[in-house]
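my_file.cif (mmCIF, C-alpha atoms)
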data_run
loop_
_atom_site.label_atom_id
_atom_site.label_comp_id
_atom_site.auth_asym_id
_atom_site.auth_seq_id
_atom_site.Cartn_x
_atom_site.Cartn_y
_atom_site.Cartn_z
CA MET A 2 12.78 0.10 -29.57
CA PRO A 3 15.21 2.05 -31.79
CA GLY A 4 18.52 2.84 -30.16
CA ASN A 5 18.61 6.59 -29.65
CA VAL A 6 19.37 8.79 -26.69
CA TYR A 7 15.71 9.07 -25.71
CA SER A 8 14.91 5.33 -25.73
CA GLU A 9 18.26 4.65 -24.06
CA LEU A 10 17.32 7.04 -21.25
CA LEU A 11 13.89 5.47 -20.83
CA ASP A 12 15.57 2.07 -20.49
CA GLN A 13 18.00 3.48 -17.93
CA ILE A 14 15.13 5.00 -15.94
CA GLY A 15 13.45 1.57 -16.00
CA HIS A 16 16.60 -0.14 -14.76
CA TYR A 17 17.04 2.48 -12.05
CA GLU A 18 13.45 1.88 -10.90
CA SER A 19 13.85 -1.90 -10.93
CA ARG A 20 17.08 -1.66 -8.97
CA THR A 21 15.99 0.87 -6.34
CA GLY A 22 12.22 0.51 -6.38
CA ARG A 23 12.01 4.33 -6.83
CA ARG A 24 12.04 6.83 -9.65
CA PRO A 25 14.95 9.28 -9.75
CA ALA A 26 14.24 12.77 -8.43
CA LYS A 27 16.22 14.43 -11.23
CA ILE A 28 18.23 13.48 -14.32
CA ARG A 29 21.48 15.30 -15.14
CA LEU A 30 22.42 15.13 -18.82
CA THR A 31 25.60 16.11 -20.62
CA ARG A 32 26.30 18.40 -23.60
CA ARG A 33 26.72 15.27 -25.70
CA ASP A 34 23.20 14.14 -24.64
CA LYS A 35 21.92 17.58 -25.63
CA ALA A 36 23.48 17.25 -29.08
CA GLU A 37 21.94 13.77 -29.46
CA PHE A 38 18.49 15.09 -28.49
CA ALA A 39 18.81 17.83 -31.14
CA LYS A 40 19.26 15.12 -33.80
CA LEU A 41 16.08 13.16 -32.93
CA THR A 42 13.28 13.01 -35.49
CA SER A 43 9.60 13.42 -34.62
CA ARG A 44 9.17 9.68 -35.13
CA GLU A 45 11.75 9.04 -32.42
CA PHE A 46 10.78 11.82 -30.04
CA ALA A 47 7.40 13.56 -29.86
CA LEU A 48 8.94 16.93 -28.92
CA ALA A 49 11.41 16.96 -31.85
CA GLY A 50 9.51 19.77 -33.58
CA ASP A 51 9.56 21.86 -30.42
CA VAL A 52 13.28 21.14 -30.00
CA ALA A 53 13.93 22.47 -33.51
CA LYS A 54 12.01 25.67 -32.74
CA ARG A 55 13.07 26.45 -29.18
CA GLY A 56 16.23 24.45 -28.59
CA VAL A 57 16.76 21.35 -26.43
CA GLU A 58 16.97 23.09 -23.05
CA LYS A 59 13.68 24.96 -23.40
CA ALA A 60 11.78 22.13 -25.07
CA VAL A 61 12.98 19.25 -22.89
CA ARG A 62 12.49 20.17 -19.27
CA GLN A 63 11.33 16.70 -18.20
CA ILE A 64 11.82 13.13 -19.41
CA ASP A 65 9.15 10.64 -18.42
CA GLY A 66 7.93 13.22 -15.87
CA ILE A 67 11.38 13.56 -14.23
CA PRO A 68 13.00 17.05 -14.23
CA VAL A 69 16.12 17.36 -16.35
CA GLU A 70 19.22 19.45 -15.70
CA TRP A 71 21.45 20.04 -18.72
CA ASP A 72 25.20 20.43 -19.25
CA ALA A 73 26.33 18.14 -16.43
CA GLU A 74 29.83 16.64 -16.54
CA THR A 75 28.45 13.10 -16.54
CA ARG A 76 25.01 11.58 -16.96
CA GLU A 77 23.54 11.07 -13.47
CA PHE A 78 20.29 10.07 -11.83
CA GLU A 79 19.68 11.90 -8.56
CA ALA A 80 18.13 9.71 -5.89
CA CYS A 81 14.80 10.73 -4.35
CA PRO A 82 15.36 12.35 -0.97
CA ALA A 83 14.49 9.94 1.78
CA ALA A 84 11.09 10.44 3.37
CA PRO A 85 11.27 12.98 6.20
CA ARG A 86 12.59 11.08 9.17
CA MET A 87 10.53 10.80 12.30
CA ASN A 88 11.98 11.71 15.63
CA GLY A 89 11.43 10.21 19.06
CA ARG A 90 8.97 12.94 20.07
CA GLN A 91 6.78 12.19 17.04
CA VAL A 92 6.86 8.45 17.71
CA ARG A 93 5.86 9.06 21.36
CA ALA A 94 3.03 11.37 20.21
CA ARG A 95 1.81 8.74 17.73
CA VAL A 96 1.68 6.08 20.47
CA ALA A 97 -0.20 8.49 22.76
CA ASP A 98 -2.65 9.23 19.93
CA TRP A 99 -3.12 5.45 19.39
CA ILE A 100 -4.07 5.05 23.06
CA SER A 101 -6.54 8.00 22.82
CA ARG A 102 -8.15 6.53 19.69
CA LEU A 103 -8.53 3.17 21.44
CA GLU A 104 -10.11 4.87 24.46
CA ARG A 105 -12.59 6.62 22.17
CA LEU A 106 -13.40 3.30 20.46
CA TYR A 107 -14.05 1.65 23.84
CA ALA A 108 -16.19 4.62 24.97
CA GLN A 109 -18.31 4.08 21.85
CA LEU A 110 -18.55 0.33 22.54
CA HIS A 111 -19.60 1.14 26.10
CA GLU A 112 -22.42 3.35 24.77
CA TRP A 113 -23.65 0.48 22.57
CA VAL A 114 -23.33 -2.12 25.33
CA LYS A 115 -24.92 -0.27 28.24
CA GLU A 116 -28.47 -0.70 26.92
CA LEU A 117 -28.07 -4.46 26.40
CA PRO A 118 -29.35 -6.95 29.00
CA ASP A 119 -27.08 -9.47 30.80
CA THR A 120 -23.96 -7.75 29.62
CA THR A 121 -20.87 -6.78 31.58
CA THR A 122 -17.61 -5.25 30.48
CA ARG A 123 -14.05 -5.30 31.69
CA ARG A 124 -11.22 -2.95 30.88
CA GLY A 125 -7.66 -4.18 31.00
CA VAL A 126 -4.20 -3.28 29.83
CA LEU A 127 -1.63 -5.08 27.77
CA GLU A 128 2.02 -4.32 27.17
CA GLN A 129 2.33 -2.90 23.68
CA VAL A 130 4.07 -4.93 20.98
CA ILE A 131 7.46 -3.28 20.37
CA GLU A 132 7.40 -1.89 16.85
CA PRO A 133 10.51 -1.07 14.75
CA LEU A 134 10.18 2.73 15.10
CA MET A 135 9.89 2.37 18.88
CA MET A 136 13.05 0.25 18.91
CA GLN A 137 14.83 2.79 16.72
CA PHE A 138 14.08 5.65 19.16
CA LYS A 139 14.37 3.49 22.29
CA ILE A 140 10.77 4.15 23.29
CA PRO A 141 9.57 1.62 25.85
CA PRO A 142 6.31 -0.24 25.16
CA GLN A 143 3.30 1.45 26.74
CA ALA A 144 0.32 -0.05 28.56
CA ILE A 145 -2.30 -0.37 25.83
CA PRO A 146 -5.97 -0.57 26.88
CA THR A 147 -8.06 -3.64 26.06
CA TYR A 148 -11.81 -4.07 26.32
CA THR A 149 -13.79 -7.26 26.92
CA ILE A 150 -17.54 -7.73 26.82
CA PHE A 151 -19.28 -10.65 28.49
CA VAL A 152 -22.81 -11.65 27.49
CA GLU A 153 -24.78 -13.87 29.88
CA LYS A 154 -21.42 -14.70 31.49
CA LYS A 155 -20.88 -17.30 28.76
CA TRP A 156 -20.06 -15.36 25.62
CA ARG A 157 -17.02 -13.17 25.37
CA ILE A 158 -15.82 -10.58 22.87
CA ALA A 159 -12.31 -9.26 23.47
CA PHE A 160 -10.83 -6.21 21.72
CA VAL A 161 -7.05 -6.54 21.77
CA PRO A 162 -4.94 -3.90 19.98
CA SER A 163 -2.28 -5.30 17.68
CA THR A 164 -0.01 -3.12 15.53
CA LEU A 165 -0.05 0.68 15.22
CA TRP A 166 2.32 1.06 12.23
CA ILE A 167 0.73 -0.89 9.40
CA VAL A 168 0.70 -0.30 5.61
CA GLY A 169 -2.77 0.83 4.49
CA ALA A 170 -4.18 1.66 7.93
CA ASN A 171 -3.53 3.55 11.15
CA GLY A 172 -3.62 0.67 13.60
CA ARG A 173 -5.11 -2.80 13.89
CA VAL A 174 -7.25 -4.28 16.67
CA ASN A 175 -7.90 -8.04 16.89
CA ILE A 176 -11.37 -9.05 18.04
CA THR A 177 -11.82 -12.50 19.50
CA THR A 178 -15.28 -13.97 20.03
CA ASN A 179 -16.12 -17.47 21.27
CA VAL A 180 -16.51 -18.53 17.67
CA ARG A 181 -13.70 -16.86 15.71
CA GLN A 182 -11.36 -13.91 15.31
CA HIS A 183 -11.97 -10.68 13.47
CA ILE A 184 -9.82 -7.75 12.40
CA LEU A 185 -10.58 -4.07 12.85
CA PHE A 186 -8.55 -1.36 11.10
CA ASP A 187 -8.57 2.38 11.70
CA LEU A 188 -8.43 4.08 8.30
CA GLY A 189 -8.74 7.58 9.79
CA GLY A 190 -7.30 9.28 12.83
CA ARG A 191 -4.55 11.11 10.95
CA ASN A 192 -3.75 14.80 11.39
CA GLY A 193 -6.62 15.30 13.81
CA SER A 194 -9.28 13.60 11.65
CA PRO A 195 -11.69 11.25 13.44
CA SER A 196 -11.14 7.50 13.47
CA ASP A 197 -12.71 5.43 10.70
CA TRP A 198 -12.93 1.90 12.09
CA GLN A 199 -13.53 -0.78 9.46
CA LEU A 200 -14.27 -4.45 10.13
CA VAL A 201 -12.84 -7.14 7.82
CA VAL A 202 -15.61 -9.40 6.51
CA ASP A 203 -15.61 -12.71 4.67
CA ASP A 204 -17.42 -11.14 1.74
CA PRO A 205 -15.26 -11.02 -1.41
CA LYS A 206 -17.28 -8.15 -2.82
CA ARG A 207 -16.92 -5.84 0.17
CA LEU A 208 -13.79 -7.04 2.05
CA ILE A 209 -14.29 -4.40 4.79
CA ILE A 210 -17.37 -2.69 6.24
CA PRO A 211 -17.76 0.31 8.56
CA PHE A 212 -17.68 -0.79 12.18
CA ASP A 213 -20.99 0.70 13.29
CA GLU A 214 -23.55 -0.43 15.85
CA SER A 215 -25.09 -2.97 13.49
CA ALA A 216 -21.68 -4.56 12.71
CA PHE A 217 -20.96 -4.66 16.44
CA LEU A 218 -24.31 -6.32 17.22
CA GLY A 219 -23.50 -8.88 14.50
CA LEU A 220 -20.38 -9.85 16.49
CA LEU A 221 -22.46 -10.17 19.66
CA ARG A 222 -24.77 -12.62 17.91
CA GLU A 223 -21.85 -14.91 17.00
CA ARG A 224 -22.37 -17.92 19.23
CA ARG A 225 -21.29 -21.49 19.03
CA MET B 9 -7.61 -10.35 -11.57
CA THR B 10 -9.00 -13.86 -11.97
CA SER B 11 -7.51 -15.32 -8.77
CA PHE B 12 -7.85 -12.17 -6.67
CA ARG B 13 -10.76 -13.38 -4.52
CA GLU B 14 -9.24 -16.80 -3.91
CA ILE B 15 -5.90 -15.28 -2.90
CA HIS B 16 -7.66 -12.91 -0.49
CA ALA B 17 -9.71 -15.79 0.95
CA ALA B 18 -6.52 -17.82 1.42
CA TYR B 19 -4.97 -14.83 3.22
CA LEU B 20 -7.91 -14.54 5.63
CA ALA B 21 -7.67 -18.26 6.46
CA THR B 22 -3.91 -18.20 7.06
CA ASP B 23 -3.97 -14.91 8.99
CA ASP B 24 -6.76 -16.27 11.19
CA ASP B 25 -4.73 -19.40 11.94
CA LEU B 26 -1.54 -17.47 12.75
CA LEU B 27 -3.48 -14.97 14.87
CA SER B 28 -5.06 -17.83 16.80
CA ARG B 29 -1.61 -19.30 17.50
CA GLU B 30 -0.37 -15.84 18.56
CA THR B 31 -3.35 -15.39 20.89
CA HIS B 32 -2.77 -18.77 22.54
CA ALA B 33 1.02 -18.43 22.83
CA ARG B 34 2.06 -18.72 26.47
CA THR B 35 5.35 -16.86 26.44
CA PRO B 36 6.31 -13.43 24.98
CA ASN B 37 8.92 -15.17 22.80
CA ARG B 38 6.37 -17.53 21.27
CA LYS B 39 3.98 -14.61 20.77
CA ALA B 40 6.73 -12.62 19.03
CA HIS B 41 7.45 -15.67 16.85
CA TRP B 42 3.84 -15.79 15.58
CA VAL B 43 3.76 -11.99 15.13
CA ARG B 44 6.82 -12.34 12.88
CA LEU B 45 5.26 -15.15 10.86
CA ARG B 46 2.09 -13.09 10.44
CA LEU B 47 4.23 -10.27 9.01
CA TYR B 48 5.74 -12.59 6.39
CA ASN B 49 2.26 -13.90 5.62
CA ASP B 50 1.09 -10.29 5.00
CA HIS B 51 4.04 -9.71 2.67
CA ALA B 52 3.63 -12.94 0.70
CA TYR B 53 -0.05 -12.34 0.04
CA PHE B 54 0.53 -8.66 -0.74
CA VAL B 55 3.01 -9.60 -3.49
CA MET B 56 0.54 -12.15 -4.90
CA LEU B 57 -2.34 -9.64 -4.92
CA PHE B 58 -0.12 -6.97 -6.46
CA ALA B 59 0.89 -9.48 -9.18
CA GLN B 60 -2.81 -9.75 -10.05
CA LEU B 61 -2.91 -5.98 -10.57
CA GLU B 62 0.29 -6.16 -12.65
CA GLN B 63 -1.28 -8.81 -14.86
CA HIS B 64 -4.42 -6.68 -15.29
CA ILE B 65 -2.35 -3.59 -16.21
CA ASP B 66 -0.28 -5.65 -18.69
CA ALA B 67 -3.44 -6.86 -20.42
CA GLU B 68 -4.97 -3.36 -20.57
CA CYS B 69 -1.72 -1.85 -21.93
CA THR B 70 -1.41 -4.57 -24.56
CA ALA B 71 -4.99 -3.86 -25.69
CA LEU B 72 -4.40 -0.09 -25.75
CA ILE B 73 -1.14 -0.35 -27.72
CA ALA B 74 -2.64 -2.84 -30.21
CA ARG B 75 -5.60 -0.51 -30.78
CA LYS B 76 -3.39 2.54 -31.30
CA LYS B 77 -1.04 0.63 -33.64
CA ALA B 78 -4.06 -0.36 -35.72
CA SER B 79 -5.07 3.27 -36.25
CA ALA B 80 -5.57 4.23 -39.88
CA ARG B 81 -3.90 7.61 -39.23
CA TRP B 82 -0.14 7.49 -39.33
CA THR B 83 0.07 10.59 -37.10
CA VAL B 84 -1.58 8.53 -34.32
CA ARG B 85 0.29 5.36 -35.19
CA ARG B 86 3.85 6.67 -35.51
CA LEU B 87 4.65 6.96 -31.81
CA TRP B 88 2.76 3.82 -30.84
CA ASP B 89 4.57 1.76 -33.49
CA SER B 90 7.79 2.10 -31.51
CA VAL B 91 6.18 1.09 -28.20
CA ASP B 92 6.62 -2.51 -27.10
CA VAL B 93 4.73 -3.47 -23.95
CA ASP B 94 7.45 -5.98 -23.00
CA HIS B 95 10.01 -3.17 -22.84
CA LEU B 96 7.95 -0.82 -20.66
CA ASN B 97 8.59 -0.82 -16.94
CA PHE B 98 5.60 -1.11 -14.65
CA MET B 99 5.09 2.58 -13.76
CA ARG B 100 5.30 3.58 -17.44
CA LYS B 101 2.51 1.11 -18.17
CA VAL B 102 0.49 2.69 -15.36
CA ALA B 103 1.16 6.11 -16.91
CA LEU B 104 -0.37 4.88 -20.18
CA LEU B 105 -3.62 4.09 -18.35
CA THR B 106 -3.92 7.06 -15.99
CA ASP B 107 -2.73 10.65 -15.71
CA LYS B 108 0.50 10.93 -13.72
CA GLY B 109 -0.98 13.89 -11.85
CA ARG B 110 -3.87 11.85 -10.43
CA ALA B 111 -3.94 10.56 -6.87
CA ILE B 112 -4.44 7.01 -8.16
CA TYR B 113 -1.04 7.16 -9.92
CA ALA B 114 0.62 8.19 -6.65
CA GLN B 115 -1.24 5.40 -4.82
CA VAL B 116 -0.04 2.75 -7.32
CA ASP B 117 3.48 4.21 -7.06
CA ALA B 118 3.42 3.87 -3.25
CA TYR B 119 2.16 0.27 -3.38
CA TYR B 120 4.70 -0.54 -6.11
CA ASP B 121 7.40 0.84 -3.83
CA THR B 122 6.21 -1.52 -1.07
CA ARG B 123 6.12 -4.44 -3.53
CA CYS B 124 9.69 -3.70 -4.68
CA ARG B 125 10.97 -3.47 -1.12
CA ILE B 126 9.49 -6.87 -0.29
CA ALA B 127 10.58 -8.44 -3.57
CA HIS B 128 14.14 -7.13 -3.08
CA GLY B 129 14.37 -8.60 0.41
CA ASP B 130 13.75 -5.44 2.45
CA SER B 131 10.82 -7.04 4.29
CA THR B 132 11.86 -5.69 7.67
CA LEU B 133 11.52 -2.11 6.39
CA VAL B 134 7.91 -2.61 5.34
CA GLY B 135 6.17 -3.78 8.51
CA PRO B 136 2.75 -5.41 8.63
CA ILE B 137 0.14 -4.72 5.93
CA ALA B 138 -3.60 -4.14 6.35
CA LEU B 139 -4.18 -6.59 3.54
CA PRO B 140 -8.00 -6.43 3.25
CA VAL B 141 -7.75 -2.61 3.04
CA VAL B 142 -4.98 -2.81 0.44
CA ALA B 143 -6.93 -5.49 -1.48
CA ARG B 144 -9.91 -3.14 -1.69
CA ASP B 145 -7.60 -0.34 -2.92
CA LEU B 146 -6.10 -2.66 -5.57
CA GLN B 147 -9.59 -3.57 -6.77
CA THR B 148 -10.49 0.12 -7.06
CA ILE B 149 -7.23 0.82 -8.92
CA ALA B 150 -7.87 -2.08 -11.34
CA LYS B 151 -11.35 -0.74 -12.13
CA ALA B 152 -9.84 2.67 -12.95
CA MET B 153 -7.03 1.24 -15.13
CA LYS B 154 -8.82 0.57 -18.39
CA ALA B 155 -7.51 0.84 -21.96
CA ARG B 156 -10.86 2.47 -22.94
#
Any chance you could give the structure as C-alpha cells?
Amino acid sequence: MPGNVYSELLDQIGHYESRTGRRPAKIRLTRRDKAEFAKLTSREFALAGDVAKRGVEKAVRQIDGIPVEWDAETREFEACPAAPRMNGRQVRARVADWISRLERLYAQLHEWVKELPDTTTRRGVLEQVIEPLMMQFKIPPQAIPTYTIFVEKKWRIAFVPSTLWIVGANGRVNITTNVRQHILFDLGGRNGSPSDWQLVVDDPKRLIIPFDESAFLGLLRERR
Amino acid sequence: MTSFREIHAAYLATDDDLLSRETHARTPNRKAHWVRLRLYNDHAYFVMLFAQLEQHIDAECTALIARKKASARWTVRRLWDSVDVDHLNFMRKVALLTDKGRAIYAQVDAYYDTRCRIAHGDSTLVGPIALPVVARDLQTIAKAMKAR
C-alpha cells in the first residue's frame, strides 16, 4: 500500500488489534496528521473530495469506524474501556439463577418421566465446581442439584451440572447414560428469558438440537 | 471450511474421553485436573475451528478484491487497486464482507477477541467454551460471509 498518513494509520490500527486483541475506542491525531490528511488525493483516500470542501475535521470524524479526535499533542490510540466489572452480589445472583434453571429443567424431566412405566428418579446434590469469578469474589461453592433416572432398575441416566460460565452458552450439564455421555447447553435464561436447552448430537449438519421430549426419549432408548 | 466437520468430530471424541475420566476421578484433585485439561481441549479446538473461518474469509476477500480490481470502470477500480488482502487485518477483511453495523460483525468481533486471548496465552481469562454451539455459530457466519 502507498505510504501516506491514512494507510500508515490503518497499519497501526492493525498492529494495535494484533497486539491487544481489541480495536481502539478512539484515535487522537495531531495537527501534523491533519495537515497530512489535507494533502491526500482521492486515489489515496476516498473522502479527499469531502476534505477539500469541508475541511479535515468535519470530513474525517472516523477512521476505519473508530472515532477521531483532532489536534492532540501526540498520536494516541485510546484503549477500549474494560467490560463492566461484575460484583460479588451479581455473581451470587447468577449462581442462584443457575440453581433455579436446573430445578426447572428437572421439573420438566419429572413431567416427562412420570408417565413412563418401570421408571424411578432420584434427586441429589453435588458441590459446585469453583469457577474463576467465584474465586475472585470469594463466593463458596453451592450445593448444585443433580437428577438421576432409573429405568427397569438397570438403565441409568444422570444429569450432572458442569460449568455455569462458558463461552457461547449459559451453563453446561453433562448427561451420562449406560452407553455414553452427552452434553446439554442452556442458550437462554438471560435477563429473565426462559431457558433454551440444546443437546449436542453427533450429526455434523445439525451439531445441536432442542432438548425436547423426543430428544429425551431418545436418551432413554440408549441401551447397551 | 473443508476440515470443519472432522475437527468438530475430533473435539467430540476428545471431550467425551476427558469427561469420562473426570466422571470416574476418585478425588477432587483428580477431578479438577481433568476439568482443567477439558478447558485446554476446548481452547485448542476453538482456535482450530476459528482458523477454518479465517481461511474462508481470506478466500472470499481475495475473490472480492480480484473481481473489483478487474472492473472496467476506473472509478470502481481506483480504491481497490491499492488494497492488498495480505496487508488487511482480520476484522478489516470481515468488514469487506459484512456491514460493520450488523450483529454478525459484532459476533465475529467477540469470537475474534476470544481467539486472540487464547492465542496470546490468556487462556485462563477465557474459561470453558460451548464448542458445538460456537461451531454452529461459525458455520452460520461463514454462510453469511460471501464475496457475492
Non-local contacts of Thr122 (chain B) (10 Å; only C-alpha atoms; under 5 positions in same chain excluded) as a list in words
Gly22 and Val168 of chain A; His51, Phe54, Val55, Phe58, Val116, Asp117, Ala127, His128, Asp130, Ser131, Leu133, Val134, Gly135 and Ile137 of chain B
Can you pull out the residues contacting Arg44 (chain B)? Cut-off 10 Å, using only C-alpha atoms, and skip same-chain residues under 6 positions away; I want them as a PDB file with C-alpha atoms, in the coordinates of the input.
ATOM      1  CA  LEU B  26      -1.540 -17.470  12.750  1.00  0.00           C
ATOM      2  CA  GLU B  30      -0.370 -15.840  18.560  1.00  0.00           C
ATOM      3  CA  ARG B  38       6.370 -17.530  21.270  1.00  0.00           C
ATOM      4  CA  ASP B  50       1.090 -10.290   5.000  1.00  0.00           C
ATOM      5  CA  THR B 132      11.860  -5.690   7.670  1.00  0.00           C
ATOM      6  CA  GLY B 135       6.170  -3.780   8.510  1.00  0.00           C
ATOM      7  CA  PRO B 136       2.750  -5.410   8.630  1.00  0.00           C
TER       8      PRO B 136
END
For this file, the PyMOL selection byres ((chain A) within 9 of (chain B)) selects which residues, as an MDAnalysis selection string?
chainID A and resid 2:3 11:12 14:16 18:23 43:47 65:66 130 132:133 164 166:170 172:173 175 181:183 186 188 199 201:203 205:209
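For the structure in this document, the set picked by the PyMOL selection byres ((chain B and resi 65-77) around 9) is Gln60, Leu61, Glu62, Gln63, His64, Ala78, Ser79, Ala80, Trp82, Val84, Arg85, Arg86, Leu87, Trp88, Asp89, Val91, Asp92, Val93, Asp94, Phe98, Lys101, Val102, Leu104, Leu105, Ala150, Met153, Lys154, Ala155 and Arg156 of chain B.
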Now that the selection is made, can you save its residues with C-alpha atoms as an mmCIF file, in the frame of the given file?
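Result file out33.cif:
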data_model
loop_
_atom_site.group_PDB
_atom_site.id
_atom_site.type_symbol
_atom_site.label_atom_id
_atom_site.label_comp_id
_atom_site.auth_asym_id
_atom_site.auth_seq_id
_atom_site.Cartn_x
_atom_site.Cartn_y
_atom_site.Cartn_z
ATOM 1 C CA GLN B 60 -2.810 -9.750 -10.050
ATOM 2 C CA LEU B 61 -2.910 -5.980 -10.570
ATOM 3 C CA GLU B 62 0.290 -6.160 -12.650
ATOM 4 C CA GLN B 63 -1.280 -8.810 -14.860
ATOM 5 C CA HIS B 64 -4.420 -6.680 -15.290
ATOM 6 C CA ALA B 78 -4.060 -0.360 -35.720
ATOM 7 C CA SER B 79 -5.070 3.270 -36.250
ATOM 8 C CA ALA B 80 -5.570 4.230 -39.880
ATOM 9 C CA TRP B 82 -0.140 7.490 -39.330
ATOM 10 C CA VAL B 84 -1.580 8.530 -34.320
ATOM 11 C CA ARG B 85 0.290 5.360 -35.190
ATOM 12 C CA ARG B 86 3.850 6.670 -35.510
ATOM 13 C CA LEU B 87 4.650 6.960 -31.810
ATOM 14 C CA TRP B 88 2.760 3.820 -30.840
ATOM 15 C CA ASP B 89 4.570 1.760 -33.490
ATOM 16 C CA VAL B 91 6.180 1.090 -28.200
ATOM 17 C CA ASP B 92 6.620 -2.510 -27.100
ATOM 18 C CA VAL B 93 4.730 -3.470 -23.950
ATOM 19 C CA ASP B 94 7.450 -5.980 -23.000
ATOM 20 C CA PHE B 98 5.600 -1.110 -14.650
ATOM 21 C CA LYS B 101 2.510 1.110 -18.170
ATOM 22 C CA VAL B 102 0.490 2.690 -15.360
ATOM 23 C CA LEU B 104 -0.370 4.880 -20.180
ATOM 24 C CA LEU B 105 -3.620 4.090 -18.350
ATOM 25 C CA ALA B 150 -7.870 -2.080 -11.340
ATOM 26 C CA MET B 153 -7.030 1.240 -15.130
ATOM 27 C CA LYS B 154 -8.820 0.570 -18.390
ATOM 28 C CA ALA B 155 -7.510 0.840 -21.960
ATOM 29 C CA ARG B 156 -10.860 2.470 -22.940
#
List the residues matched by the PyMOL selection byres ((chain A and resi 147) around 7) in the displayed structure as a list in words, ordered by chain and then by residue number.
Arg124, Gly125, Val126, Leu127, Ile145, Pro146, Tyr148, Thr149, Phe160, Val161 and Pro162 of chain A
Measure the distance from CA of Lys59 (chain A) to CA of Arg81 (chain B) in Å and round it to one decimal.
29.3 Å
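When the distance limit is 9 Å and all atoms listed in the file are what count, the residues near Arg93 (chain A), minus those fewer than 5 positions from it on the same chain, are Asn88, Asp98, Met135 and Ile140 of chain A.
For Ala36 (chain A), the non-local neighbours within 10 Å, defined as residues at least 5 positions apart in the same chain or in other chains and counting all atoms listed in the file, are Val6, Thr31, Leu41 and Val57 of chain A.
You will find CA of Lys155 (chain A) at 8.9 Å from CA of Asn179 (chain A).
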Assuming 6 Å of padding per side, give the centre and edge lengths of the axis-aligned box around every listed atom of region 196-210 of chain A, in Å to one decimal and as JSON.
{"center_x": -14.3, "center_y": -2.6, "center_z": 5.3, "size_x": 18.3, "size_y": 32.2, "size_z": 28.3}
Using only C-alpha atoms for the distances, tell me which of A:Leu165, A:Glu116, A:Phe38, A:Trp156 is nearest to Arg95 (chain A).
A:Leu165
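Going from CA of Glu77 (chain A) to CA of Glu9 (chain A) covers 13.5 Å.
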